[in-house]
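Next comes run.pdb, with PDB, C-alpha atoms and all ligand atoms.
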```pdb
ATOM      1  CA  MET A  72      44.920 -66.683 -49.847  1.00  0.00           C
ATOM      2  CA  TYR A  73      44.234 -65.207 -53.314  1.00  0.00           C
ATOM      3  CA  PRO A  74      45.374 -61.556 -53.803  1.00  0.00           C
ATOM      4  CA  ILE A  75      41.840 -60.468 -54.725  1.00  0.00           C
ATOM      5  CA  ILE A  76      40.615 -61.689 -51.313  1.00  0.00           C
ATOM      6  CA  ASN A  77      43.435 -59.790 -49.590  1.00  0.00           C
ATOM      7  CA  ARG A  78      42.446 -56.581 -51.366  1.00  0.00           C
ATOM      8  CA  GLY A  79      38.778 -57.115 -50.520  1.00  0.00           C
ATOM      9  CA  THR A  80      39.587 -57.678 -46.858  1.00  0.00           C
ATOM     10  CA  TRP A  81      41.842 -54.599 -46.812  1.00  0.00           C
ATOM     11  CA  ALA A  82      39.090 -52.440 -48.370  1.00  0.00           C
ATOM     12  CA  ARG A  83      36.474 -53.733 -45.898  1.00  0.00           C
ATOM     13  CA  VAL A  84      38.699 -53.126 -42.874  1.00  0.00           C
ATOM     14  CA  GLN A  85      39.677 -49.639 -44.102  1.00  0.00           C
ATOM     15  CA  SER A  86      36.095 -48.564 -44.743  1.00  0.00           C
ATOM     16  CA  VAL A  87      34.807 -49.872 -41.386  1.00  0.00           C
ATOM     17  CA  ARG A  88      37.713 -48.152 -39.621  1.00  0.00           C
ATOM     18  CA  GLN A  89      37.018 -44.844 -41.364  1.00  0.00           C
ATOM     19  CA  VAL A  90      33.415 -44.931 -40.161  1.00  0.00           C
ATOM     20  CA  LEU A  91      34.488 -46.031 -36.686  1.00  0.00           C
ATOM     21  CA  GLU A  92      37.075 -43.264 -36.389  1.00  0.00           C
ATOM     22  CA  ARG A  93      34.562 -40.635 -37.515  1.00  0.00           C
ATOM     23  CA  PHE A  94      32.008 -41.935 -34.988  1.00  0.00           C
ATOM     24  CA  LEU A  95      34.550 -41.910 -32.120  1.00  0.00           C
ATOM     25  CA  ARG A  96      35.880 -38.448 -32.998  1.00  0.00           C
ATOM     26  CA  HIS A  97      32.340 -37.038 -33.173  1.00  0.00           C
ATOM     27  CA  TYR A  98      31.246 -38.345 -29.752  1.00  0.00           C
ATOM     28  CA  ALA A  99      34.629 -37.805 -28.051  1.00  0.00           C
ATOM     29  CA  ALA A 100      34.173 -34.081 -28.729  1.00  0.00           C
ATOM     30  CA  LYS A 101      30.869 -34.064 -26.840  1.00  0.00           C
ATOM     31  CA  GLU A 102      31.644 -33.507 -23.174  1.00  0.00           C
ATOM     32  CA  ASP A 103      28.166 -34.501 -22.008  1.00  0.00           C
ATOM     33  CA  VAL A 104      28.489 -37.997 -23.503  1.00  0.00           C
ATOM     34  CA  GLU A 105      29.596 -40.305 -20.658  1.00  0.00           C
ATOM     35  CA  LYS A 106      29.904 -43.584 -22.546  1.00  0.00           C
ATOM     36  CA  ILE A 107      30.715 -44.303 -26.152  1.00  0.00           C
ATOM     37  CA  GLN A 108      29.693 -47.820 -26.983  1.00  0.00           C
ATOM     38  CA  VAL A 109      30.745 -49.979 -29.911  1.00  0.00           C
ATOM     39  CA  VAL A 110      29.210 -53.451 -30.383  1.00  0.00           C
ATOM     40  CA  SER A 111      30.793 -55.641 -33.022  1.00  0.00           C
ATOM     41  CA  LEU A 112      28.519 -58.491 -34.111  1.00  0.00           C
ATOM     42  CA  GLY A 113      30.562 -61.336 -35.593  1.00  0.00           C
ATOM     43  CA  ALA A 114      33.814 -59.597 -34.637  1.00  0.00           C
ATOM     44  CA  GLY A 115      36.022 -62.547 -35.579  1.00  0.00           C
ATOM     45  CA  TYR A 116      39.723 -61.784 -35.122  1.00  0.00           C
ATOM     46  CA  ASP A 117      39.283 -58.080 -35.827  1.00  0.00           C
ATOM     47  CA  VAL A 118      41.615 -55.953 -33.682  1.00  0.00           C
ATOM     48  CA  SER A 119      39.905 -52.569 -33.963  1.00  0.00           C
ATOM     49  CA  PHE A 120      39.803 -52.131 -30.175  1.00  0.00           C
ATOM     50  CA  PHE A 121      43.611 -52.327 -30.045  1.00  0.00           C
ATOM     51  CA  TRP A 122      43.959 -50.114 -33.128  1.00  0.00           C
ATOM     52  CA  ILE A 123      41.870 -47.477 -31.284  1.00  0.00           C
ATOM     53  CA  GLN A 124      44.153 -47.757 -28.224  1.00  0.00           C
ATOM     54  CA  ASP A 125      47.174 -47.133 -30.467  1.00  0.00           C
ATOM     55  CA  LEU A 126      45.473 -44.107 -32.053  1.00  0.00           C
ATOM     56  CA  ILE A 127      44.775 -42.686 -28.579  1.00  0.00           C
ATOM     57  CA  ALA A 128      48.385 -43.341 -27.475  1.00  0.00           C
ATOM     58  CA  SER A 129      49.743 -41.570 -30.571  1.00  0.00           C
ATOM     59  CA  GLY A 130      47.427 -38.588 -30.076  1.00  0.00           C
ATOM     60  CA  ALA A 131      45.489 -39.251 -33.268  1.00  0.00           C
ATOM     61  CA  LEU A 132      42.331 -39.749 -31.166  1.00  0.00           C
ATOM     62  CA  PRO A 133      41.652 -37.741 -27.985  1.00  0.00           C
ATOM     63  CA  GLU A 134      42.811 -39.131 -24.638  1.00  0.00           C
ATOM     64  CA  SER A 135      39.372 -38.303 -23.206  1.00  0.00           C
ATOM     65  CA  LEU A 136      38.020 -41.245 -25.191  1.00  0.00           C
ATOM     66  CA  ARG A 137      39.930 -43.859 -23.171  1.00  0.00           C
ATOM     67  CA  GLY A 138      37.780 -43.777 -20.045  1.00  0.00           C
ATOM     68  CA  ARG A 139      34.497 -43.509 -21.955  1.00  0.00           C
ATOM     69  CA  LEU A 140      34.882 -46.199 -24.583  1.00  0.00           C
ATOM     70  CA  GLN A 141      33.033 -49.461 -24.088  1.00  0.00           C
ATOM     71  CA  PHE A 142      33.840 -51.977 -26.806  1.00  0.00           C
ATOM     72  CA  THR A 143      31.972 -55.299 -26.944  1.00  0.00           C
ATOM     73  CA  GLU A 144      32.538 -58.124 -29.404  1.00  0.00           C
ATOM     74  CA  ILE A 145      30.321 -61.141 -30.029  1.00  0.00           C
ATOM     75  CA  ASP A 146      31.205 -64.292 -31.944  1.00  0.00           C
ATOM     76  CA  TYR A 147      31.021 -68.065 -31.739  1.00  0.00           C
ATOM     77  CA  PHE A 148      32.701 -69.872 -28.846  1.00  0.00           C
ATOM     78  CA  ASP A 149      35.509 -71.396 -30.933  1.00  0.00           C
ATOM     79  CA  VAL A 150      36.458 -67.932 -32.226  1.00  0.00           C
ATOM     80  CA  THR A 151      36.256 -66.099 -28.863  1.00  0.00           C
ATOM     81  CA  GLU A 152      38.160 -68.886 -27.101  1.00  0.00           C
ATOM     82  CA  LYS A 153      41.107 -68.577 -29.521  1.00  0.00           C
ATOM     83  CA  LYS A 154      40.980 -64.779 -29.495  1.00  0.00           C
ATOM     84  CA  ILE A 155      41.012 -64.506 -25.691  1.00  0.00           C
ATOM     85  CA  SER A 156      43.847 -67.007 -25.435  1.00  0.00           C
ATOM     86  CA  THR A 157      45.892 -65.010 -27.993  1.00  0.00           C
ATOM     87  CA  ILE A 158      45.207 -61.702 -26.217  1.00  0.00           C
ATOM     88  CA  LYS A 159      46.300 -63.142 -22.871  1.00  0.00           C
ATOM     89  CA  LYS A 160      49.523 -64.510 -24.385  1.00  0.00           C
ATOM     90  CA  THR A 161      50.400 -61.352 -26.350  1.00  0.00           C
ATOM     91  CA  GLU A 162      51.774 -58.587 -24.156  1.00  0.00           C
ATOM     92  CA  ALA A 163      51.254 -55.864 -26.774  1.00  0.00           C
ATOM     93  CA  LEU A 164      47.505 -56.629 -26.643  1.00  0.00           C
ATOM     94  CA  ALA A 165      47.085 -57.625 -22.982  1.00  0.00           C
ATOM     95  CA  LYS A 166      48.681 -54.392 -21.735  1.00  0.00           C
ATOM     96  CA  HIS A 167      45.662 -52.461 -23.046  1.00  0.00           C
ATOM     97  CA  ILE A 168      43.331 -54.474 -20.789  1.00  0.00           C
ATOM     98  CA  TRP A 169      45.256 -55.592 -17.690  1.00  0.00           C
ATOM     99  CA  ASN A 170      48.056 -53.927 -15.747  1.00  0.00           C
ATOM    100  CA  THR A 171      49.983 -56.954 -14.459  1.00  0.00           C
ATOM    101  CA  GLN A 172      50.619 -60.626 -15.244  1.00  0.00           C
ATOM    102  CA  GLU A 173      48.697 -61.452 -12.059  1.00  0.00           C
ATOM    103  CA  GLU A 174      45.680 -59.563 -13.361  1.00  0.00           C
ATOM    104  CA  ILE A 175      45.885 -61.485 -16.648  1.00  0.00           C
ATOM    105  CA  LYS A 176      45.808 -64.798 -14.764  1.00  0.00           C
ATOM    106  CA  THR A 177      42.984 -63.906 -12.400  1.00  0.00           C
ATOM    107  CA  ALA A 178      40.815 -61.403 -14.287  1.00  0.00           C
ATOM    108  CA  VAL A 179      39.316 -63.905 -16.676  1.00  0.00           C
ATOM    109  CA  ASP A 180      37.939 -67.019 -15.041  1.00  0.00           C
ATOM    110  CA  SER A 181      36.238 -68.221 -18.165  1.00  0.00           C
ATOM    111  CA  VAL A 182      38.019 -69.173 -21.388  1.00  0.00           C
ATOM    112  CA  ASN A 183      35.202 -68.000 -23.622  1.00  0.00           C
ATOM    113  CA  GLU A 184      34.373 -64.658 -22.091  1.00  0.00           C
ATOM    114  CA  LEU A 185      36.514 -61.614 -21.445  1.00  0.00           C
ATOM    115  CA  GLN A 186      35.182 -58.918 -19.163  1.00  0.00           C
ATOM    116  CA  SER A 187      36.956 -55.681 -18.373  1.00  0.00           C
ATOM    117  CA  PRO A 188      35.811 -52.085 -17.845  1.00  0.00           C
ATOM    118  CA  HIS A 189      36.357 -51.081 -21.476  1.00  0.00           C
ATOM    119  CA  TYR A 190      36.630 -54.254 -23.528  1.00  0.00           C
ATOM    120  CA  ASN A 191      34.365 -57.301 -23.492  1.00  0.00           C
ATOM    121  CA  ILE A 192      34.252 -60.434 -25.573  1.00  0.00           C
ATOM    122  CA  VAL A 193      31.108 -62.544 -25.460  1.00  0.00           C
ATOM    123  CA  ALA A 194      30.648 -66.045 -26.911  1.00  0.00           C
ATOM    124  CA  GLU A 195      27.207 -66.294 -28.426  1.00  0.00           C
ATOM    125  CA  ASP A 196      25.404 -67.524 -31.513  1.00  0.00           C
ATOM    126  CA  LEU A 197      23.652 -64.398 -32.836  1.00  0.00           C
ATOM    127  CA  ARG A 198      20.878 -66.531 -34.337  1.00  0.00           C
ATOM    128  CA  LYS A 199      19.704 -67.465 -30.851  1.00  0.00           C
ATOM    129  CA  THR A 200      16.739 -65.398 -29.825  1.00  0.00           C
ATOM    130  CA  ASP A 201      16.049 -66.821 -26.348  1.00  0.00           C
TER     131      ASP A 201
HETATM  132  C1  LIG A 301      33.818 -62.422 -42.353  1.00  0.00           C
HETATM  133  S1  LIG A 301      34.093 -62.559 -40.605  1.00  0.00           S
HETATM  134  C2  LIG A 301      34.206 -60.819 -40.232  1.00  0.00           C
HETATM  135  C3  LIG A 301      35.042 -60.584 -39.024  1.00  0.00           C
HETATM  136  C4  LIG A 301      35.195 -59.119 -38.600  1.00  0.00           C
HETATM  137  N1  LIG A 301      33.904 -58.484 -38.330  1.00  0.00           N
HETATM  138  C5  LIG A 301      35.952 -58.320 -39.630  1.00  0.00           C
HETATM  139  O1  LIG A 301      35.386 -57.374 -40.181  1.00  0.00           O
HETATM  140  O2  LIG A 301      37.135 -58.624 -39.862  1.00  0.00           O
HETATM  141  C6  LIG A 301      32.436 -62.975 -40.007  1.00  0.00           C
HETATM  142  C7  LIG A 301      32.419 -63.376 -38.525  1.00  0.00           C
HETATM  143  O3  LIG A 301      31.056 -63.499 -38.110  1.00  0.00           O
HETATM  144  C8  LIG A 301      30.966 -64.619 -37.239  1.00  0.00           C
HETATM  145  N2  LIG A 301      29.572 -65.117 -37.267  1.00  0.00           N
HETATM  146  C9  LIG A 301      28.864 -65.530 -38.345  1.00  0.00           C
HETATM  147  N3  LIG A 301      27.640 -65.946 -37.965  1.00  0.00           N
HETATM  148  C10 LIG A 301      27.564 -65.785 -36.617  1.00  0.00           C
HETATM  149  C11 LIG A 301      26.562 -66.050 -35.633  1.00  0.00           C
HETATM  150  N4  LIG A 301      25.374 -66.579 -35.970  1.00  0.00           N
HETATM  151  N5  LIG A 301      26.821 -65.770 -34.343  1.00  0.00           N
HETATM  152  C12 LIG A 301      28.031 -65.268 -33.976  1.00  0.00           C
HETATM  153  N6  LIG A 301      29.028 -64.998 -34.862  1.00  0.00           N
HETATM  154  C13 LIG A 301      28.804 -65.261 -36.155  1.00  0.00           C
HETATM  155  C14 LIG A 301      31.966 -65.602 -37.785  1.00  0.00           C
HETATM  156  O4  LIG A 301      32.362 -66.574 -36.804  1.00  0.00           O
HETATM  157  C15 LIG A 301      33.108 -64.689 -38.222  1.00  0.00           C
HETATM  158  O5  LIG A 301      34.069 -64.532 -37.196  1.00  0.00           O
END
```
Kindly transcribe the structure held in the file into structure tokens.
Amino acid sequence: MYPIINRGTWARVQSVRQVLERFLRHYAAKEDVEKIQVVSLGAGYDVSFFWIQDLIASGALPESLRGRLQFTEIDYFDVTEKKISTIKKTEALAKHIWNTQEEIKTAVDSVNELQSPHYNIVAEDLRKTD
């Protein structure tokens, strides 16, 4: 990949994360807000959900966010299929979603959709309107 593309990607990820962090911090401070929902359209291989989990674990974002966050990603089937397979195989990622190896095996019965209380991946073409 050309360096200019790397810098562009870095700048895009940093700016989206700044906005995301500000949004989460703002609503986490509001005790009457039960759910804080993030929907990422065309999420690709972005790992912001896991970055947020690390920020909570380090104390950089409030612990109270963990139970209220609902993070949903949508992308094409070939992308979600690869992403789910990678998450299931990578303990550092899977541990944020499932508690045991047994849960990893049984929780997801579809290769192209991940459903859990706080993190969901949906395979869909966003151009479809029906
Ligand atoms: C440039 S990547 C951005 C990925 C991620 N949002 C990020 O910031 O790193 C664009 C993503 O949008 C997805 N995408 C483009 N058109 C789409 C559509 N019609 N339906 C679902 N996903 C789409 C692509 O598959 C790709 O993963």
Task: Nearest residue to Tyr116 in chain A from the set A:Leu91, A:Leu140, A:Ile168, A:Val84 (distances using all atoms listed in the file) - done: A:Val84
- [ ] Could you list the residues chosen by the PyMOL selection byres (((not hetatm)) within 7 of (chain A and resi 301)) in this structure as JSON, numbers by chain?
- [x] {"A": [83, 84, 111, 112, 113, 114, 115, 116, 117, 145, 146, 147, 150, 195, 196, 197, 198]}
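What separates CA of Phe120 in chain A from CA of Ile155 in chain A is a distance of 13.2 Å.
Contact shell of Gln108 in chain A at 12 Å (all atoms listed in the file; same-chain neighbours under 4 positions omitted): A:Leu91, A:Phe94, A:Leu95, A:Tyr98, A:Ala99, A:Val104, A:Phe120, A:Leu136, A:Arg137, A:Gly138, A:Arg139, A:Leu140, A:Gln141, A:Phe142, A:Thr143, A:Glu144, A:Pro188, A:His189, A:Tyr190, A:Asn191.
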Task: Interatomic distance (Å, one decimal) between CA of Arg78 in chain A and CA of Ser119 in chain A - done: 18.0 Å
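Rounded to one decimal, CA of Ala100 in chain A and CA of Trp81 in chain A lie 28.4 Å from each other.
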Need the axis-aligned box for range 79-87 of chain A with 3 Å each side, so what are the centre and edges in Å to one decimal, as lines of an AutoDock Vina configuration file?
```
center_x = 38.3
center_y = -53.1
center_z = -46.0
size_x = 13.0
size_y = 15.1
size_z = 15.1
```
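Taking only C-alpha atoms, the non-local environment of Trp122 in chain A within 10 Å (same-chain residues fewer than 6 positions away omitted) comprises Arg88, Ala128 and Leu164 of chain A.
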Task: All residues 9 Å or closer to Glu152 in chain A, only C-alpha atoms, same chain fewer than 5 positions away omitted, as a list of chain:residue names - done: A:Tyr147, A:Thr157, A:Val182, A:Asn183, A:Glu184, A:Ala194
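For the choices A:Pro133, A:Ser187, A:Lys153, A:Val193, the atom-to-atom distance to Lys101 in chain A is smallest for A:Pro133 when using only C-alpha atoms.
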